[in-house]
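**Q** For reference, the structure I am asking about is given below.
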Amino acid sequence: MLAFSLAQLACPGSGSRNTLGAGTGGRAVASGPGYQSSMAADSPAANTAPWVTAAIAGAARASVTLVADGLLADVARTVAQSVATHAQHRPPSARTIQRIAWAAGVMDPTPALSLVTSQGDIPASSVADAIARDVVGGGYNRVAVGLAQGSDGTRVVAVLLSQRRVTLSALVPRRANVGERVLLRGTMAEGLRSPELALTDAEGHIDRTPLGDGPDFFTQFPVRSSGTWQVELLAVAASGVTVIANFPLYVGVDPPSPTVEVAQVSNEQPAQVVDALMQRINEVRLAAHRPALTLMPNLADVARAHSEAMATTRTFAHNSQDGRTPGDRIRAAGIQSGVILENIGRGSGSEEIHQGLMESPGHRANIENARVTHVGIGAVRDPSVAGGFIVTQDFVEVAATVNVAQAPDRVLERINSVRQRRGVNPVVARPQLMEVASRAAQAFFSPSAPTQQRVVEQANREASRAGLVFRRIEVLATIVPSVEDATGLEPLFNYEVAGMGIGISQGSRPGMPPNSIFVIYVLGYPR
């Protein structure tokens, strides 16, 4: 009897643990000196060649091209041995597979496991059938097979699939010393552009650096603190921003030995996954000294719809099949924001998904982003994995409520502080200009909802008709998520400006972020 299962988990998980090595009856992890990658195909070992050939043929039936990968083969052998020696022949968690891959020098996003077990011979055709079913929508292009047999005679074929989209020109060490510089040089696969380096250092600080247009990239960075750093390469694909490499760098410390965590099937329902992820997000933000996020129901509807679409099409990408970006989907729902971020994850439960996102510097940066204020989370069942989930997290910025009566004084104080630093005389609030600006600001969110241009033109006419002693009137207007963001307009610091009116209002209207702040300035230039 054959048994098939797919552990296609893109995030780490939890479960019972034991060190992977000779003491558990497993094969010790082959730990290489560093990370490497190549797009070239490798020749599979003779004993696994029939199953590798079958896996490639099965993928071809699904219009997917796979090539054999030697580095991944080390990981597949270790995984197969782990399954064979487990009492119930349960697969390791995605967290375990990822760590075995890192130890072997593989820096691809988490490999997916397609597992076939039997008390008798395992025909190559059964592997082909499993791959033909499981490979759809994963974007995989690398394959490796591991074979093992348990003490009870159970035979195991572990097929690992991964997505390789970058070639490094030099080995990247797994371990570095404090003060050294780490070099990354390589070439991205066709169809990728705008590479970006994302780093999480040992203290949890995140840094993101653009690396040009691509496909070639080069960067080096110093490692100034001891501990585990997480290194990630991102790129823009037709499906949106995507992770093309992710791996830990051990600075001043030795790499740990991977441990076996048996994959666990969560008893959670999708709504419980959402609640748990919401709680974990705010725990992370609290630890990072960020304000807690508020769950936005209509944003959650957008997130859930995208998760459902990915489940239906068996894809995993930020951009929809029709080409819509996260921003397109969110704006189509009537939600406008100056900051729109998205995380997608999949796994067997909320904890697994959350830990996977946190081990990705780019995804962690979204969770800890200081500007976002609201989040929408959508979780659905993953049809590719029994008991698994697909999750979308959408983050936006919504302005906090401000005291519009007191805000003009704060804004004027901030403007004059900058003027002083620049050696420019302070500007004075003129009552006539303040009245014009106040009326204009109030009109912007009135039922008639005039355009920003019309409000500016009307304020200009009113100020000019008032018989004021200015040779010229200039009106500026801006829509911002916070009043502080409105104080950077360069004309505010012109040394010729002698009088100013400031009007501030807050509200919502179609085509704008909710609770937006409208700020209008009326500047007077003396005769």
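Simple scheme: letters A, B, ... for chains in structure tokens order, numbers from 1 for residues in each chain, numbers from 1 for ligands in the order shown.
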Would you mind writing down, as a list in words, each residue of segment 199-285 of chain A that DSSP on the backbone assigns to helix (DSSP H, G or I)?

**A**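 After running DSSP on the backbone, segment 199-285 of chain A has helix (DSSP H, G or I) at Pro270, Ala271, Gln272, Val273, Val274, Asp275, Ala276, Leu277, Met278, Gln279, Arg280, Ile281, Asn282, Glu283, Val284 and Arg285 of chain A.
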
**Q** I'd like to know which residues of segment 373-478 of chain A are strand (DSSP E or B) (by DSSP, run on the backbone); could you write them as number ranges by chain?

**A** A: 374-381, 389-396, 428-429, 470-478

**Q** Counting only C-alpha atoms, which residue out of A:Gln119, A:Ser482, A:Ser360, A:Asn177 sits closest to Arg224 of chain A?

**A**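 Counting only C-alpha atoms, the residue closest to Arg224 of chain A is A:Asn177.
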
**Q** Mind checking which residues fall within 12 Å of Ser169 of chain A, counting only C-alpha atoms, ignoring those fewer than 5 positions away in the same chain, and posting them as a list in words?

**A** Tyr35, Gln36, Ser37, Ser38, Met39, Leu183, Leu184, Arg185, Gly186, Thr187, Met188, Asp216, Phe217 and Phe218 of chain A

**Q** Kindly save the residues from that selection, with C-alpha atoms included, as a compact mmCIF listing (two decimals), in the first residue's frame.

**A**
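Heads up, here's the output in result_36.txt:
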# COMPACT_ATOMS: atom_id res chain seq x y z
CA TYR A 35 25.81 28.97 0.85
CA GLN A 36 26.02 28.47 -2.86
CA SER A 37 23.67 28.32 -5.79
CA SER A 38 23.73 27.51 -9.46
CA MET A 39 21.03 27.29 -12.11
CA LEU A 183 30.14 39.87 0.01
CA LEU A 184 27.11 39.04 -2.12
CA ARG A 185 27.53 38.96 -5.88
CA GLY A 186 25.31 37.15 -8.34
CA THR A 187 22.78 37.12 -11.14
CA MET A 188 19.02 36.74 -10.95
CA ASP A 216 23.32 41.33 -11.84
CA PHE A 217 23.83 42.56 -8.30
CA PHE A 218 26.73 43.24 -5.97

**Q** Excluding Ala477 of chain A and its own-chain neighbours fewer than 4 positions away, which residues fall within 12 Å of it when counting only C-alpha atoms? Please give them as a ChimeraX atom specification.

**A** /A:437,440-441,444,451-457,459-460,486-489,491-492,501-505,517-523

**Q** So, counting only C-alpha atoms, which residue among A:Ile122, A:Ala41, A:Ala94, A:Val159 is closest to Gly356 of chain A?

**A** A:Ala94

**Q** Nearest to Pro222 of chain A: which of A:Ile344, A:Val157, A:Val182, A:Ala235 is it, counting only C-alpha atoms?

**A**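 For Pro222 of chain A, the nearest of the given residues is A:Val182.
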
**Q** Please provide the set of residues having any atom within 7 Å of Pro109 of chain A, restricted to only C-alpha atoms, with same-chain residues fewer than 5 positions apart removed, written as a ChimeraX atom specification.

**A** /A:163,244-246

**Q** From the set A:Thr110, A:Val83, A:Asn403, A:Glu232, which residue has the shortest atom-to-atom contact distance to Gly150 of chain A, counting only C-alpha atoms?

**A**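 Smallest distance to Gly150 of chain A is found for A:Val83.
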
**Q** Nearest to Ala46 of chain A among A:Val145, A:Val469, A:Val428, A:Ala333, with distances taken over only C-alpha atoms: which residue is it?

**A** A:Val145

**Q** When distances are computed from only C-alpha atoms, which of A:Ala303, A:Ala370, A:Val166, A:Ala55 shows the smallest separation from Arg290 of chain A?

**A**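 For Arg290 of chain A, the nearest of the candidates is A:Ala370.
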
**Q** Could you pull the residues within 9 Å of His374 of chain A, counting only C-alpha atoms, minus those fewer than 2 positions along the same chain, as an MDAnalysis selection string?

**A** chainID A and resid 292:296 299 372 376 394:398

**Q** Which residues are near Ile335 of chain A? Cut-off 10 Å, only C-alpha atoms, ignore same chain within fewer than 5 positions. Put them as a PyMOL selection string.

**A** chain A and resi 298-299+302+327-330+340+396+398+510-514
